[in-house]
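Trainee: Handing you this structure, nothing more for now.
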Amino acid sequence: MMERPHARPERHDDEGGFSGVPAHLTAKPLLPLWLAVHERLSSGRPVRSVTLRGLDEEAQAALADLLGSSSYPGSRVTVRLDRLDAALAPLGVDGRAVASVAVGPIGNRAAERERHARERVGLWSWLSAHPVVVRQPALTEWVDRLRADGVPREGVARLRERCEGALAVLEVLPLAESLPLPALAARVVGDPHALDDTAALPSLVLRALATLRGLPVPGNAQDRRALWGAFGVDCDSHSTSVLALGLRPVGDGPLAATLRMWADAGHAVSITLDQLAGAGGVRQTCPVVHVVENPSVLALAQRRLGAQAPPLVCVSGWPNSAAVALLGRLGEDGALVRYHGDFDGEGLRIAAHVMARTGAVPWRMGARDYLAALGKAGALGPAPGRMSPAPWDSELSDLIGEQGVTVPEERVADLLVDDLVAVALG
């Protein structure tokens with residue numbers, strides 16, 4: 001057996017590692033030993049021994065010499081770390097020190113797993129509590145699906161960065177003015193190509209938009225363009241319009257004058273996004289503007305009130321860019337915007353979307369209002385479909401789900417118009 005060279009004890013450097021490990025310890029014959037030690041110690045768990053397999057004669061001889069054995073250990077051997085450290089002690093090093101020099105810094109996979117787990121929990125907690133998600137609870141389903149997909153190889157930080165971009169886009173949709181997709185990307189994300197089909201970000205946004213609408217995720221370019229267009233992206237500002245009755249904006253602009261003319265004639269009017277983009281303020285002398293989801297309710301108000309109708313806007317289901325632009329402008333100009341819609345899953349999602357995007361407040365949209373309407377309807381009606389929480393009333397969504405009955409807005413149209421009559425007479 002070869003005589004082992006001796007070396008004086010090595011000192012720790014400033015980073016806690018070792019320097020000057022004797023060269024013969026890191027030579028090729030002992031490399032299988034240090035690879036095994038490095039792998040086991042990097043687990044971050046207590047290690048008592050390592051098992052080596054497939055050792056050739058040269059490796060067996062080097063290991064026998066290191067451990068002071070009188071015979072070769074064989075091609076498969078288990079080495080106890082306390083015995084290994086005892087053999088290395090005269091050289092002033094231990095197994096961890098030599099493995100870190102021979103292979104590289106020893107990690108801690110257990111600690112890394114715990115760190116990654118904390119990062120994932122933090123990511124999902126942050127995303128679930130984000131104001132955009134809180135204001136539109138239907139997006140909770142989007143968050144749940146992302147969580148189920150798991151964190152991609154790029155890691156938590158990269159996924160969070162993409163989610164931040166997606167939320168920034170969602171916060172401005174539907175647009176109050178028509179924008180091409182590259183212009184939207186440049187304005188919100190700072191990169192005109194960030195929402196291209198080949199980028200990672202648009203898939204997150206489109207999944208969220210599909211979730212809001214209760215639609216399948218678009219699978220082709222035509223469907224993707226249609227979904228973007230539904231939220232005002234690259235759409236025709238002349239064909240996108242919103243229906244209104246009784247709007248009488250102050251001012252001398254063409255839109256204000258036209259709206260007053262039609263209001264005085266007792267007629268409803270369609271206002272295009274193009275007209276809104278070129279108009280100034282839409283401040284009303286009436287301090288409250290009511291909003292309904294369904295055109296039939298506006299038609300009933302027109303028949304009963306005609307030229308005496310107070311300001312009333314109809315979003316016709318999911319609000320388009322023109323509706324969001326008008327309601328947002330009305331709120332900015334001092335009006336209290338009050339919203340009513342269908343009592344079902346889709347109706348609650350639309351209501352939450354309108355309130356989140358325009359600052360509207362609920363109008364007869366509470367749990368008590370639903371029960372009262374349900375009583376008049378005789379508990380008959382279609383099932384409410386996929387339910388989402390109502391941010392303005394914590395009981396409403398569960399109540400509709402328990403009852404299992406939709407109350408369309410049309411069933412309470414007379415009650416809503418009674419409210420408008422009271423405003424007109426007041």
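Each chain in the structure tokens gets a letter, A, B and so on, in the order shown; residues start at 1 in every chain, and ligands are counted from 1 in the order they appear.
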Which residues, written as a list in words, have at least one atom at most 9 Å from Val421 of chain A, with only C-alpha atoms counted and residues fewer than 5 positions away on the same chain left out?
Mentor: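 The contact residues come out as Ala301, Arg304, Leu305, Gln308, Ala309, Pro310, Leu416 and Gly426 of chain A.
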Trainee: So which residues touch Gly95 of chain A within 9 Å, counting only C-alpha atoms, skipping near sequence neighbours fewer than 6 positions away, as a count of residues only?
Mentor: 8
Trainee: Return the single residue from A:Val103, A:Leu336, A:Ala148, A:Ala36 that is closest to Arg80 of chain A, with distances computed using only C-alpha atoms.
Mentor: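 The answer is A:Ala36, which sits nearest to Arg80 of chain A.
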Trainee: Give me the residues within 10 Å of Ala157 of chain A as a PDB file with N, CA and C atoms, in the first residue's frame, counting only C-alpha atoms and dropping any in the same chain fewer than 6 places off.
Mentor:
ATOM      1  N   GLU A 119     -42.100  30.114  -2.582  1.00  0.00           N
ATOM      2  CA  GLU A 119     -42.270  31.037  -3.702  1.00  0.00           C
ATOM      3  C   GLU A 119     -43.572  30.750  -4.452  1.00  0.00           C
ATOM      4  N   ARG A 120     -43.903  29.456  -4.617  1.00  0.00           N
ATOM      5  CA  ARG A 120     -45.144  29.114  -5.312  1.00  0.00           C
ATOM      6  C   ARG A 120     -46.358  29.557  -4.502  1.00  0.00           C
ATOM      7  N   LEU A 123     -46.698  33.210  -4.845  1.00  0.00           N
ATOM      8  CA  LEU A 123     -47.203  33.595  -6.162  1.00  0.00           C
ATOM      9  C   LEU A 123     -48.717  33.467  -6.230  1.00  0.00           C
ATOM     10  N   VAL A 151     -45.958  25.614 -12.132  1.00  0.00           N
ATOM     11  CA  VAL A 151     -44.943  26.601 -12.512  1.00  0.00           C
ATOM     12  C   VAL A 151     -44.084  26.027 -13.622  1.00  0.00           C
ATOM     13  N   CYS A 163     -47.634  37.147 -15.438  1.00  0.00           N
ATOM     14  CA  CYS A 163     -48.939  37.420 -14.827  1.00  0.00           C
ATOM     15  C   CYS A 163     -49.131  38.919 -14.598  1.00  0.00           C
TER      16      CYS A 163
END
Trainee: Env of Arg135 of chain A: 9 Å cut, atoms = only C-alpha atoms, seq-sep filter 5 positions within chain, self excluded. Answer as an NGL selection string.
Mentor: :A and (130 or 352-353 or 355-357 or 390-391)
Trainee: What's the 10 Å shell around Leu175 of chain A, counting only C-alpha atoms, without same-chain residues fewer than 4 positions away, as a ChimeraX atom specification?
Mentor: /A:169-171,179,184,229-235,320-325,357
Trainee: Can you spit out the residues from that selection as a compact mmCIF listing (two decimals), in the first residue's frame, using C-alpha atoms?
Mentor:
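The resulting file, out_29.txt, is shown below:
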# COMPACT_ATOMS: atom_id res chain seq x y z
CA VAL A 169 -53.71 44.30 -19.91
CA LEU A 170 -56.86 42.93 -18.24
CA GLU A 171 -57.15 46.08 -16.14
CA LEU A 179 -56.50 50.23 -30.47
CA LEU A 184 -52.19 48.14 -26.84
CA GLY A 229 -62.28 42.38 -30.75
CA ALA A 230 -64.97 41.70 -28.16
CA PHE A 231 -62.86 43.69 -25.71
CA GLY A 232 -62.24 46.60 -28.06
CA VAL A 233 -58.89 45.58 -29.48
CA ASP A 234 -58.47 46.40 -33.17
CA CYS A 235 -62.23 46.75 -33.60
CA ASN A 320 -68.26 46.69 -25.37
CA SER A 321 -65.72 49.48 -25.63
CA ALA A 322 -68.37 52.11 -26.37
CA ALA A 323 -70.36 51.16 -23.26
CA VAL A 324 -67.29 51.23 -21.03
CA ALA A 325 -66.18 54.55 -22.50
CA ARG A 357 -64.28 48.96 -15.06
Trainee: Using DSSP on the backbone coordinates, identify the residues of segment 90-318 of chain A assigned to alpha helix (DSSP H); present them as a PyMOL selection string.
Mentor: chain A and resi 95-102+109-128+131-135+139-149+156-172+181-188+201-213+221-230+254-264+273-277+295-305
Trainee: Please save C-alpha atoms of the selected residues as a short mmCIF file (atom, residue, chain, number, x, y, z; two decimals), in the first residue's frame.
Mentor:
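Saved the output as part-v9.cif:
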data_model
loop_
_atom_site.label_atom_id
_atom_site.label_comp_id
_atom_site.auth_asym_id
_atom_site.auth_seq_id
_atom_site.Cartn_x
_atom_site.Cartn_y
_atom_site.Cartn_z
CA GLY A 95 -15.41 14.52 3.22
CA ARG A 96 -17.53 17.62 2.67
CA ALA A 97 -14.46 19.79 2.06
CA VAL A 98 -12.88 17.42 -0.44
CA ALA A 99 -16.19 16.80 -2.28
CA SER A 100 -16.75 20.55 -2.65
CA VAL A 101 -13.27 20.95 -4.18
CA ALA A 102 -13.43 17.84 -6.39
CA ARG A 109 -31.92 20.38 -2.29
CA ALA A 110 -34.27 20.12 0.67
CA ALA A 111 -33.85 23.81 1.42
CA GLU A 112 -34.24 24.62 -2.27
CA ARG A 113 -37.47 22.64 -2.44
CA GLU A 114 -38.78 24.48 0.60
CA ARG A 115 -37.79 27.81 -0.91
CA HIS A 116 -39.47 26.99 -4.22
CA ALA A 117 -42.59 25.84 -2.35
CA ARG A 118 -42.72 29.14 -0.44
CA GLU A 119 -42.27 31.04 -3.70
CA ARG A 120 -45.14 29.11 -5.31
CA VAL A 121 -47.43 29.74 -2.34
CA GLY A 122 -46.50 33.40 -2.43
CA LEU A 123 -47.20 33.60 -6.16
CA TRP A 124 -50.69 32.10 -5.93
CA SER A 125 -51.56 34.16 -2.85
CA TRP A 126 -50.46 37.34 -4.62
CA LEU A 127 -52.36 36.46 -7.79
CA SER A 128 -55.58 35.50 -5.96
CA PRO A 131 -57.20 43.88 -7.26
CA VAL A 132 -58.05 42.91 -10.85
CA VAL A 133 -59.01 39.40 -9.68
CA VAL A 134 -60.80 40.61 -6.55
CA ARG A 135 -62.93 43.03 -8.56
CA LEU A 139 -61.00 35.37 -12.74
CA THR A 140 -60.51 33.14 -9.70
CA GLU A 141 -61.22 30.25 -12.06
CA TRP A 142 -58.40 31.52 -14.29
CA VAL A 143 -56.06 31.59 -11.28
CA ASP A 144 -57.09 28.05 -10.30
CA ARG A 145 -56.33 26.78 -13.78
CA LEU A 146 -52.92 28.43 -13.78
CA ARG A 147 -52.18 26.85 -10.41
CA ALA A 148 -53.26 23.44 -11.72
CA ASP A 149 -50.89 23.84 -14.68
CA VAL A 156 -41.78 31.48 -10.32
CA ALA A 157 -40.20 34.85 -11.04
CA ARG A 158 -40.74 34.53 -14.78
CA LEU A 159 -44.34 33.36 -14.37
CA ARG A 160 -45.08 36.23 -12.00
CA GLU A 161 -43.62 38.68 -14.52
CA ARG A 162 -45.96 37.33 -17.21
CA CYS A 163 -48.94 37.42 -14.83
CA GLU A 164 -48.17 41.04 -13.99
CA GLY A 165 -48.22 41.85 -17.71
CA ALA A 166 -51.48 39.95 -18.21
CA LEU A 167 -53.15 41.72 -15.28
CA ALA A 168 -52.02 45.10 -16.59
CA VAL A 169 -53.71 44.30 -19.91
CA LEU A 170 -56.86 42.93 -18.24
CA GLU A 171 -57.15 46.08 -16.14
CA VAL A 172 -57.69 48.26 -19.22
CA LEU A 181 -53.03 44.95 -30.74
CA PRO A 182 -49.44 46.25 -31.12
CA ALA A 183 -50.52 49.70 -29.89
CA LEU A 184 -52.19 48.14 -26.84
CA ALA A 185 -49.06 46.09 -26.11
CA ALA A 186 -46.82 49.13 -26.45
CA ARG A 187 -49.04 51.27 -24.23
CA VAL A 188 -49.56 48.77 -21.42
CA LEU A 201 -48.10 36.70 -22.61
CA PRO A 202 -51.18 36.72 -24.90
CA SER A 203 -52.09 33.15 -24.00
CA LEU A 204 -52.50 34.20 -20.36
CA VAL A 205 -54.63 37.20 -21.34
CA LEU A 206 -56.81 35.26 -23.77
CA ARG A 207 -57.38 32.48 -21.21
CA ALA A 208 -58.55 35.13 -18.76
CA LEU A 209 -60.84 36.81 -21.31
CA ALA A 210 -62.32 33.44 -22.27
CA THR A 211 -62.91 32.68 -18.59
CA LEU A 212 -64.73 35.99 -18.12
CA ARG A 213 -67.02 35.22 -21.05
CA ALA A 221 -56.24 32.90 -35.17
CA GLN A 222 -59.80 33.78 -36.17
CA ASP A 223 -61.18 32.99 -32.72
CA ARG A 224 -58.33 34.88 -31.06
CA ARG A 225 -59.05 37.97 -33.16
CA ALA A 226 -62.75 37.70 -32.34
CA LEU A 227 -62.07 37.52 -28.61
CA TRP A 228 -59.68 40.47 -28.74
CA GLY A 229 -62.28 42.38 -30.75
CA ALA A 230 -64.97 41.70 -28.16
CA PRO A 254 -72.24 67.86 -31.65
CA LEU A 255 -72.69 64.76 -29.49
CA ALA A 256 -74.18 66.72 -26.57
CA ALA A 257 -76.55 68.58 -28.89
CA THR A 258 -77.60 65.40 -30.68
CA LEU A 259 -78.24 63.50 -27.46
CA ARG A 260 -80.37 66.33 -26.06
CA MET A 261 -82.38 66.42 -29.28
CA TRP A 262 -83.17 62.71 -29.16
CA ALA A 263 -83.88 62.81 -25.42
CA ASP A 264 -86.36 65.65 -25.91
CA LEU A 273 -67.16 54.69 -29.99
CA ASP A 274 -66.01 57.07 -32.71
CA GLN A 275 -68.51 59.71 -31.52
CA LEU A 276 -67.38 59.32 -27.93
CA ALA A 277 -63.73 59.57 -28.90
CA PRO A 295 -82.53 46.32 -24.31
CA SER A 296 -86.11 45.27 -23.54
CA VAL A 297 -85.92 47.11 -20.20
CA LEU A 298 -84.82 50.29 -21.96
CA ALA A 299 -87.65 49.83 -24.48
CA LEU A 300 -90.20 49.59 -21.64
CA ALA A 301 -88.80 52.74 -20.04
CA GLN A 302 -89.09 54.54 -23.38
CA ARG A 303 -92.74 53.52 -23.77
CA ARG A 304 -93.68 54.60 -20.25
CA LEU A 305 -91.62 57.75 -19.92
#
Trainee: Counting only C-alpha atoms, which residue out of A:Val77, A:Ile106, A:Val47, A:Ala199 sits closest to Leu33 of chain A?
Mentor: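 Of the candidates, the smallest distance to Leu33 of chain A is held by A:Val77.
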Trainee: Take atom CA of Ser241 of chain A and atom CA of Asn220 of chain A and report the distance between them in Å, one decimal.
Mentor: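 Result for atom CA of Ser241 of chain A versus atom CA of Asn220 of chain A: 26.8 Å, one decimal.
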